[in-house]
Amino acid sequence: MEAGSLPLELWRMILAYLPLPDLGRCSLVCRAWYELILSLDRTRWRQLYLGYTECRHPNWPNQPDVEPESWREAFKQHYLASKMWTKNAAILETSVCFSLFRRRRTRRTLSVGPGHEFHSLGSALAMSSLFDRILLFPGLHEEQGEIILKVPVEIVGHGKLGEVALLASIDQQCSTTRLCNLVFMPAWFSPFMFKTTSGHVQFDNCNFENGHIQVHGPGTCQVKFCTFKNTHVFLHNVPLCVLENCEFVGSENNSVTVEGHPSSENNWAYTHLLGLIRSSPGVLPTEDSDSLMSLDLESRDQAWSPRTCGIVIEGSQSPTSPATGSPKAGSQETEVGSDGERVARTPDSSDGGLSPSGEDEDEDQLTYRLSYQVQGPRPVLGGSFLGPPLPGASIQLPSCLVLNSLHQELQKDREAMALASSVQGCLIRKCLFRDGKGGVFVCSYGRAKMEGNIFRNLTYAVRCIHNSKIIMLRNHIHHCRASGIFLRLEGGGLIAGNNIYDNAEAGVDIRKKSNPLILCNQIHHGLRSGIVVLGNGKGIIRNNQIFSNKEAGIYILYHGNPVVSRNHIFKGSAAGIAVNENGRGLITENVIRENQWGGVDIRRGGVPILRSNLICFGYSDGVVVGDEGKGLLEGNTIYANKGCGVWMMSSSLPHITSNHVSYNGVYGVAVFSQKDGSGESPGGHVAQENFGEDGDATLWETELERDDDLLRRPIATALVESNTVNHNGASGLYVQSSEVLHVITNVIHANGDRGITVAQSSQLTRVANNSISCNHQSGVKVEAQCKVEFRGNGIYDNRGHGIITKGDSTVIENDIIGNRGSGLQLLPTSDTKVIKNRIHSFRAYGIAVQGRAKALLQENTVFQGKTNKTIFQQISNNQECIMQNNKFLVFKKKSETWCLANPPARPHLENSLRGPSAAHSGQKVTAMATRITAHVEGGYHSKRSIFCTIL
């Protein structure tokens with residue numbers, strides 16, 4: 001049959017008057033009619049769905065204003081679900097017992113109410129048979145005794161929801177029951193409105209008020225479009241229960257409790273219910289549907305997006321712009337600073353190549369060029385962070401740091417995919433929990449899966465304890481008065497794709513050996529921390545966005561030991577990650593940016609491993625290692641923070657290796673000591689105190705594991721090894737400490753002040769095999785009463801002196817070449833041993849001894865500088881300056897050539913690789929220079945040209 005000559009619009013108008021059975025028959029006529037029936041989705045199918053009294057809007061209660069993709073499909077799904085309770089009818093019909101004693105084969109409808117066949121529900125049940133329909137008419141139906149359901153029946157309220165109220169306590173002892181369109185209230189003698197221990201019960205479009213519902217395994221239940229007001233749902237050992245499109249309001253305790261391991265014994269409904277769940281549309285992400293949550297978060301935080309590909313630097317000025325303006329190109333100014341420190345202000349040549357030559361000199365006089373290239377460890381994150389940050393510029397992240405969608409993460413992690421797809425215990429989907437104490441409580445090996453729910457204005461949303469497992473997908477959790485999700489006592493599971501925000505405590509709280517997988521969530525705008533891990537809590541925290549929280553984005557303490565990887569943690573009001581009170585953790589490949597406090601804050605026994613993170617654009621320091629902080633910092637890029645790159649306080653013993661610390665506003669690495677009793681470290685840095693929930697620290701110490709972590713080796717001294725520290729606003733390394741410090745095999749290059757400043761060092765500071773070059777003032781300065789040993793360093797082309805010292809220093813086997821001031825300047829109060837060094841300065845003295853400096857100069861090679869300067873300067877007749885076996889080289893002829901060949905130019909790093917840093921040999925500092933060549937005419941005081949090159 002064809003549609004004929006009538007227009008399609010007219011056919012749609014005609015078919016819009018047909019009831020549901022006739023629409024089904026018309027769709028079987030032919031393909032044209034089938035497609036015509038399908039085209040009625042927004043008209044007739046919508047009318048049929050909304051006119052069906054047994055269900056509400058498909059997206060109620062969370063999004064009642066959003067239409068479904070297909071009204072017909074929604075109607076079909078609900079219709080099939082409403083008939084699911086009768087799936088065991090064929091089994092009962094073939095039963096021998098029922099075949100002998102059953103009353104009749106056809107279903108009856110029994111009416112209950114004033115003026116109808118029965119006056120009470122109990123009397124109607126006494127006369128009912130298998131699968132009869134009991135129709136309750138409007139009014140209040142109160143039962144004085146407990147009702148026991150012994151045969152499968154359907155109890156339905158007639159009229160609009162709310163017109164039929166049932167005050168009863170029902171005990172189901174049959175295989176299946178359905179209740180629809182009723183308002184349940186507890187009877188006077190029991191708080192339980194309904195309970196079952198073995199059968200299947202289905203609730204559709206009901207209201208429950210001020211009572212309890214209990215389902216015990218192997219019993220099952222299916223609840224749709226119901227409202228629970230101050231009602232508690234107990235699910236004990238249930239193999240499978242489904243709560244869909246329900247509203248839980250005003251609970252005085254937990255709204256839903258899931259207790260006990262799912263029963264291994266399954267009733268008849270288990271298979272049918274599982275098939276219905278898998279056939280209905282869920283909220284598992286697909287590549288096309290993986291998008292933003294419904295909340296308009298971009299209006300609250302313009303920098304947030306679910307798949308961050310770049311970082312935009314906001315503001316009109318770079319956060320690391322120096323305090324003083326750069327000199328104009330071509331200008332040259334030489335000043336003498338305090339304590340005789342020489343500062344040469346010249347055009348910037350910090351990136352190597354030719355050093356600035358005396359442009360004001362005549363061509364026939366001496367010209368000096370320093371030609372070499374600094375070869376140090378490159379940034380582990382690629383070339384985006386080699387140059388200075390530009391205002392308003394966008395820095396593209398390397399692919400290893402770009403966040404994946406939830407779909408991509410699940411495709412990569414098959415175990416997580418299997419967990420996300422599994423259904424066991426209780427499934428809570430598209431429900432609303434609001435204005436009560438608790439949402440879902442899972443305990444004692446319980447299993448629960450929550451998809452697409454909203455938890456708001458509760459004390460807490462979800463609690464998971466005692467070896468229980470939860471699966472949480474695409475839920476909204478906000479405005480909780482405590483933590484959003486709370487796991488303790490070995491709780492675990494999968495928490496993925498959720499939007500967790502505006503909670504009074506932590507968004508996710510992990511304690512006491514709990515070990516969840518936290519994946520692709522947005523955790524933001526919390527009044528405290530985003531995620532807290534403590535009390536031997538563990539967990540895998542991966543690919544999340546954690547931002548705009550009042551306290552630390554992730555807070556690890558009391559032996560918490562999570563794996564934190566590939567997260568974006570940004571715009572927090574405190575630290576990005578804080579590790580305190582013996583906290584641990586493996587923290588890798590995260591982007592930690594734009595936080596008000598340190599990007600990572602480690603204090604009071606914290607021992608984390610930080611590896612391959614990007615810590616940038618912070619409003620304070622990049623990494624803060626506070627009192628008694630420890631741990632390993634390896635392969636991180638610490639870039640463009642307004643404070644220091646790394647700030648180390650007293651009694652802290654970190655191992656800082658193979659990091660790239662650049663373009664930070666103050667020091668690259670700063671080491672400060674507080675052992676002298678000062679209450680606060682310089683710069684106003686204070687310890688972070690932001691956790692006081694659930695008791696004090698002593699409650700946790702009795703429960704902590706004492707297992708050893710093989711990734712952590714004992715470290716007796718603080719160690720700064722194999723880092724690149726360049727282009728920072730002040731000194732590359734600043735030391736003010738009363739503890740032993742080792743500084744080994746670093747590149748310290750082009751910093752805005754000195755390369756290394758040792759302001760206080762009562763214990764020995766060992767500086768070995770470093771390359772210190774092109775810094776804006778001296779390469780190294782050592783203040784009075786400091787103990788420092790320099791061995792095997794290359795100190796090149798700094799704009800002040802190579803080394804200036806007032807303290808107790810030992811300078812052995814260093815190359816101090818091409819610096820603007822003196823190669824080595826010894827000031828009064830200094831006590832210095834200078835042994836087997838090679839020293840050369842362009843325009844000043846090779847070695848300058850001022851005042852009553854105590855010095856031993858032995859077996860050094862000092863090259864001639866400018867012809868009008870001497871190689872050695874001693875201002876006063878100092879008897880305490882002892883010189884033995886030094887070699888002073890003066891250029892005598894053009895053909896003379898000198899090379900730093902025996903040994904080659906320092907630093908020599910081949911034999912100094914050790915420990916975990918040896919794996920990163922490709923990032924080690926290589927020798928900066930291989931030879932120094934000089935062509936000279938004339939004698940020691942000759943004014944003819946000298947050409948000096950370091951390759």
# chains A, B, ... in the order shown; residues from 1 in each chain; ligands from 1
call {"tool": "residues_around", "arguments": {"residues": "region 743-751 of chain A", "least_positions_apart": "3", "cutoff": "9 Å", "atoms": "only C-alpha atoms", "output": "PyMOL selection string"}}
result
chain A and resi 349-351+374-377+657-658+662-663+667-668+718-733+754-756+765-777+779+793+798+907-909+912-913+924-925
call {"tool": "closest_atom_pairs", "arguments": {"of": "region 620-662 of chain A", "to": "region 585-608 of chain A", "cutoff": "6 Å", "atoms": "only C-alpha atoms", "output": "Markdown table"}}
result
| residue | atom | partner | partner_atom | distance |
| --- | --- | --- | --- | --- |
| A:Ser620 | CA | A:Trp597 | CA | 5.1 |
| A:Asp621 | CA | A:Gly598 | CA | 4.6 |
| A:Gly622 | CA | A:Gly599 | CA | 4.8 |
| A:Val623 | CA | A:Val600 | CA | 4.7 |
| A:Val624 | CA | A:Asp601 | CA | 4.7 |
| A:Val625 | CA | A:Ile602 | CA | 4.7 |
| A:Gly626 | CA | A:Arg603 | CA | 4.4 |
| A:Asp627 | CA | A:Arg603 | CA | 5.4 |
| A:Glu628 | CA | A:Arg604 | CA | 4.8 |
| A:Gly629 | CA | A:Arg603 | CA | 4.3 |
| A:Lys630 | CA | A:Val607 | CA | 4.9 |
| A:Gly631 | CA | A:Val607 | CA | 4.2 |
call {"tool": "write_last_selection", "arguments": {"atoms": "N, CA and C atoms", "output": "PDB file, in the first residue's frame"}}
result
ATOM      1  N   SER A 620      54.116  31.736  42.846  1.00  0.00           N
ATOM      2  CA  SER A 620      55.146  31.637  43.866  1.00  0.00           C
ATOM      3  C   SER A 620      56.266  30.766  43.301  1.00  0.00           C
ATOM      4  N   ASP A 621      56.744  29.802  44.063  1.00  0.00           N
ATOM      5  CA  ASP A 621      57.859  28.971  43.642  1.00  0.00           C
ATOM      6  C   ASP A 621      57.377  27.752  42.862  1.00  0.00           C
ATOM      7  N   GLY A 622      58.283  27.173  42.085  1.00  0.00           N
ATOM      8  CA  GLY A 622      57.935  25.961  41.350  1.00  0.00           C
ATOM      9  C   GLY A 622      57.799  24.768  42.268  1.00  0.00           C
ATOM     10  N   VAL A 623      58.874  24.426  42.982  1.00  0.00           N
ATOM     11  CA  VAL A 623      58.869  23.323  43.944  1.00  0.00           C
ATOM     12  C   VAL A 623      59.407  23.858  45.262  1.00  0.00           C
ATOM     13  N   VAL A 624      58.693  23.611  46.354  1.00  0.00           N
ATOM     14  CA  VAL A 624      59.132  23.993  47.691  1.00  0.00           C
ATOM     15  C   VAL A 624      59.398  22.719  48.474  1.00  0.00           C
ATOM     16  N   VAL A 625      60.627  22.567  48.943  1.00  0.00           N
ATOM     17  CA  VAL A 625      60.985  21.438  49.802  1.00  0.00           C
ATOM     18  C   VAL A 625      61.218  22.019  51.185  1.00  0.00           C
ATOM     19  N   GLY A 626      60.243  21.866  52.075  1.00  0.00           N
ATOM     20  CA  GLY A 626      60.283  22.516  53.371  1.00  0.00           C
ATOM     21  C   GLY A 626      60.992  21.698  54.427  1.00  0.00           C
ATOM     22  N   ASP A 627      60.720  22.014  55.701  1.00  0.00           N
ATOM     23  CA  ASP A 627      61.400  21.375  56.819  1.00  0.00           C
ATOM     24  C   ASP A 627      61.261  19.861  56.752  1.00  0.00           C
ATOM     25  N   GLU A 628      62.402  19.174  56.757  1.00  0.00           N
ATOM     26  CA  GLU A 628      62.479  17.719  56.752  1.00  0.00           C
ATOM     27  C   GLU A 628      61.834  17.100  55.517  1.00  0.00           C
ATOM     28  N   GLY A 629      61.695  17.866  54.470  1.00  0.00           N
ATOM     29  CA  GLY A 629      61.205  17.315  53.222  1.00  0.00           C
ATOM     30  C   GLY A 629      62.301  16.554  52.500  1.00  0.00           C
ATOM     31  N   LYS A 630      61.919  15.510  51.796  1.00  0.00           N
ATOM     32  CA  LYS A 630      62.884  14.684  51.080  1.00  0.00           C
ATOM     33  C   LYS A 630      62.310  14.383  49.702  1.00  0.00           C
ATOM     34  N   GLY A 631      62.830  13.338  49.089  1.00  0.00           N
ATOM     35  CA  GLY A 631      62.263  12.910  47.822  1.00  0.00           C
ATOM     36  C   GLY A 631      63.221  13.079  46.659  1.00  0.00           C
TER      37      GLY A 631
END
call {"tool": "residues_around", "arguments": {"residues": "Gly497 (chain A)", "least_positions_apart": "4", "cutoff": "6 Å", "atoms": "only C-alpha atoms", "output": "ChimeraX atom specification"}}
result
/A:473-474,520-521
call {"tool": "atom_distance", "arguments": {"atom1": "CA of Phe75 (chain A)", "atom2": "CA of Asp204 (chain A)"}}
result
13.8 Å
call {"tool": "residues_around", "arguments": {"residues": "Leu427 (chain A)", "least_positions_apart": "6", "cutoff": "8 Å", "atoms": "only C-alpha atoms", "output": "list in words"}}
result
Leu240, Cys241, Val242, Leu243, Ala448, Lys449, Met450 and Glu451 of chain A
call {"tool": "residues_around", "arguments": {"residues": "Asn207 (chain A)", "least_positions_apart": "3", "cutoff": "9 Å", "atoms": "only C-alpha atoms", "output": "PDB file with C-alpha atoms, in the first residue's frame"}}
result
ATOM      1  CA  LEU A 161       0.429  10.450  41.079  1.00  0.00           C
ATOM      2  CA  GLY A 162      -0.295  11.626  44.611  1.00  0.00           C
ATOM      3  CA  ASN A 181       1.696   5.163  40.606  1.00  0.00           C
ATOM      4  CA  LEU A 182       1.455   5.005  44.406  1.00  0.00           C
ATOM      5  CA  VAL A 183       2.447   7.129  47.378  1.00  0.00           C
ATOM      6  CA  PHE A 184       3.971   4.871  50.060  1.00  0.00           C
ATOM      7  CA  MET A 185       4.044   5.785  53.728  1.00  0.00           C
ATOM      8  CA  PHE A 225      10.757   7.446  38.093  1.00  0.00           C
ATOM      9  CA  CYS A 226      10.325   7.305  41.856  1.00  0.00           C
ATOM     10  CA  THR A 227      10.775   9.943  44.559  1.00  0.00           C
ATOM     11  CA  PHE A 228      12.223   9.062  47.961  1.00  0.00           C
ATOM     12  CA  LYS A 229      11.632  11.655  50.683  1.00  0.00           C
TER      13      LYS A 229
END
call {"tool": "residues_around", "arguments": {"residues": "Ser82 (chain A)", "least_positions_apart": "2", "cutoff": "9 Å", "atoms": "only C-alpha atoms", "output": "PDB file with C-alpha atoms, in the first residue's frame"}}
result
ATOM      1  CA  GLU A  54       3.311   5.082  34.609  1.00  0.00           C
ATOM      2  CA  GLN A  77      12.458   1.077  26.570  1.00  0.00           C
ATOM      3  CA  HIS A  78      10.052   1.975  29.347  1.00  0.00           C
ATOM      4  CA  TYR A  79       7.307  -0.248  27.960  1.00  0.00           C
ATOM      5  CA  LEU A  80       9.656  -3.244  27.818  1.00  0.00           C
ATOM      6  CA  MET A  84       9.851  -7.324  32.660  1.00  0.00           C
ATOM      7  CA  TRP A  85       8.307  -8.413  35.975  1.00  0.00           C
ATOM      8  CA  THR A  86       6.095 -10.931  34.088  1.00  0.00           C
ATOM      9  CA  ARG A 178       5.076  -4.665  40.445  1.00  0.00           C
ATOM     10  CA  GLN A 202       9.511  -3.415  40.338  1.00  0.00           C
ATOM     11  CA  ASP A 204       7.396   2.558  38.653  1.00  0.00           C
TER      12      ASP A 204
END
call {"tool": "select_by_dssp", "arguments": {"residues": "region 383-526 of chain A", "states": "strand (DSSP E or B)", "output": "ChimeraX atom specification"}}
result
/A:394-396,425-429,432-443,447-451,454-464,469-473,476-478,485-487,492-496,499-501,508-511,515-519,522-524
call {"tool": "atom_distance", "arguments": {"atom1": "CA of Asp22 (chain A)", "atom2": "CA of Phe137 (chain A)"}}
result
28.6 Å
call {"tool": "residues_around", "arguments": {"residues": "Lys224 (chain A)", "least_positions_apart": "6", "cutoff": "8 Å", "atoms": "only C-alpha atoms", "output": "ChimeraX atom specification"}}
result
/A:55,203-205,243-246
call {"tool": "write_last_selection", "arguments": {"atoms": "N, CA and C atoms", "output": "PDB file, in the first residue's frame"}}
result
ATOM      1  N   CYS A  55       5.003   6.640  33.793  1.00  0.00           N
ATOM      2  CA  CYS A  55       6.377   7.147  33.672  1.00  0.00           C
ATOM      3  C   CYS A  55       6.360   8.666  33.610  1.00  0.00           C
ATOM      4  N   PHE A 203       9.269  -1.087  40.970  1.00  0.00           N
ATOM      5  CA  PHE A 203       8.560   0.137  41.337  1.00  0.00           C
ATOM      6  C   PHE A 203       8.620   1.095  40.158  1.00  0.00           C
ATOM      7  N   ASP A 204       7.458   1.569  39.735  1.00  0.00           N
ATOM      8  CA  ASP A 204       7.396   2.558  38.653  1.00  0.00           C
ATOM      9  C   ASP A 204       6.563   3.745  39.108  1.00  0.00           C
ATOM     10  N   ASN A 205       7.132   4.952  38.992  1.00  0.00           N
ATOM     11  CA  ASN A 205       6.391   6.197  39.210  1.00  0.00           C
ATOM     12  C   ASN A 205       5.697   6.219  40.570  1.00  0.00           C
ATOM     13  N   LEU A 243      18.333   1.277  40.036  1.00  0.00           N
ATOM     14  CA  LEU A 243      17.599   2.484  40.405  1.00  0.00           C
ATOM     15  C   LEU A 243      17.850   3.507  39.310  1.00  0.00           C
ATOM     16  N   GLU A 244      16.793   3.840  38.538  1.00  0.00           N
ATOM     17  CA  GLU A 244      16.930   4.735  37.388  1.00  0.00           C
ATOM     18  C   GLU A 244      15.957   5.899  37.505  1.00  0.00           C
ATOM     19  N   ASN A 245      16.431   7.086  37.138  1.00  0.00           N
ATOM     20  CA  ASN A 245      15.590   8.271  37.071  1.00  0.00           C
ATOM     21  C   ASN A 245      14.783   8.449  38.344  1.00  0.00           C
ATOM     22  N   CYS A 246      15.474   8.410  39.479  1.00  0.00           N
ATOM     23  CA  CYS A 246      14.832   8.571  40.774  1.00  0.00           C
ATOM     24  C   CYS A 246      15.357   9.822  41.470  1.00  0.00           C
TER      25      CYS A 246
END
call {"tool": "closest_residue", "arguments": {"among": "A:Met417, A:Val156, A:Val151, A:Ala578", "to": "Cys174 (chain A)", "atoms": "only C-alpha atoms"}}
result
A:Val151
call {"tool": "atom_distance", "arguments": {"atom1": "CA of Asn467 (chain A)", "atom2": "CA of Leu235 (chain A)"}}
result
16.5 Å
call {"tool": "closest_residue", "arguments": {"among": "A:His655, A:Arg456, A:Lys787, A:Arg463", "to": "Glu259 (chain A)", "atoms": "only C-alpha atoms"}}
result
A:Arg463
call {"tool": "select_by_dssp", "arguments": {"residues": "region 105-207 of chain A", "states": "helix (DSSP H, G or I)", "output": "PyMOL selection string"}}
result
chain A and resi 121-126
call {"tool": "write_last_selection", "arguments": {"atoms": "N, CA and C atoms", "output": "mmCIF file, in the first residue's frame"}}
result
data_model
loop_
_atom_site.group_PDB
_atom_site.id
_atom_site.type_symbol
_atom_site.label_atom_id
_atom_site.label_comp_id
_atom_site.auth_asym_id
_atom_site.auth_seq_id
_atom_site.Cartn_x
_atom_site.Cartn_y
_atom_site.Cartn_z
ATOM 1 N N LEU A 121 -6.746 -3.303 50.549
ATOM 2 C CA LEU A 121 -5.772 -4.032 49.742
ATOM 3 C C LEU A 121 -5.647 -5.474 50.220
ATOM 4 N N GLY A 122 -5.707 -5.670 51.525
ATOM 5 C CA GLY A 122 -5.577 -7.024 52.053
ATOM 6 C C GLY A 122 -6.678 -7.942 51.561
ATOM 7 N N SER A 123 -7.907 -7.446 51.521
ATOM 8 C CA SER A 123 -9.010 -8.280 51.039
ATOM 9 C C SER A 123 -8.878 -8.579 49.554
ATOM 10 N N ALA A 124 -8.366 -7.649 48.774
ATOM 11 C CA ALA A 124 -8.173 -7.888 47.349
ATOM 12 C C ALA A 124 -7.079 -8.925 47.124
ATOM 13 N N LEU A 125 -5.999 -8.854 47.924
ATOM 14 C CA LEU A 125 -4.926 -9.832 47.772
ATOM 15 C C LEU A 125 -5.393 -11.233 48.143
ATOM 16 N N ALA A 126 -6.315 -11.325 49.082
ATOM 17 C CA ALA A 126 -6.822 -12.645 49.471
ATOM 18 C C ALA A 126 -7.574 -13.315 48.332
#
call {"tool": "closest_residue", "arguments": {"among": "A:Leu614, A:Val215, A:Ala461, A:Ile470", "to": "Val402 (chain A)", "atoms": "only C-alpha atoms"}}
result
A:Leu614
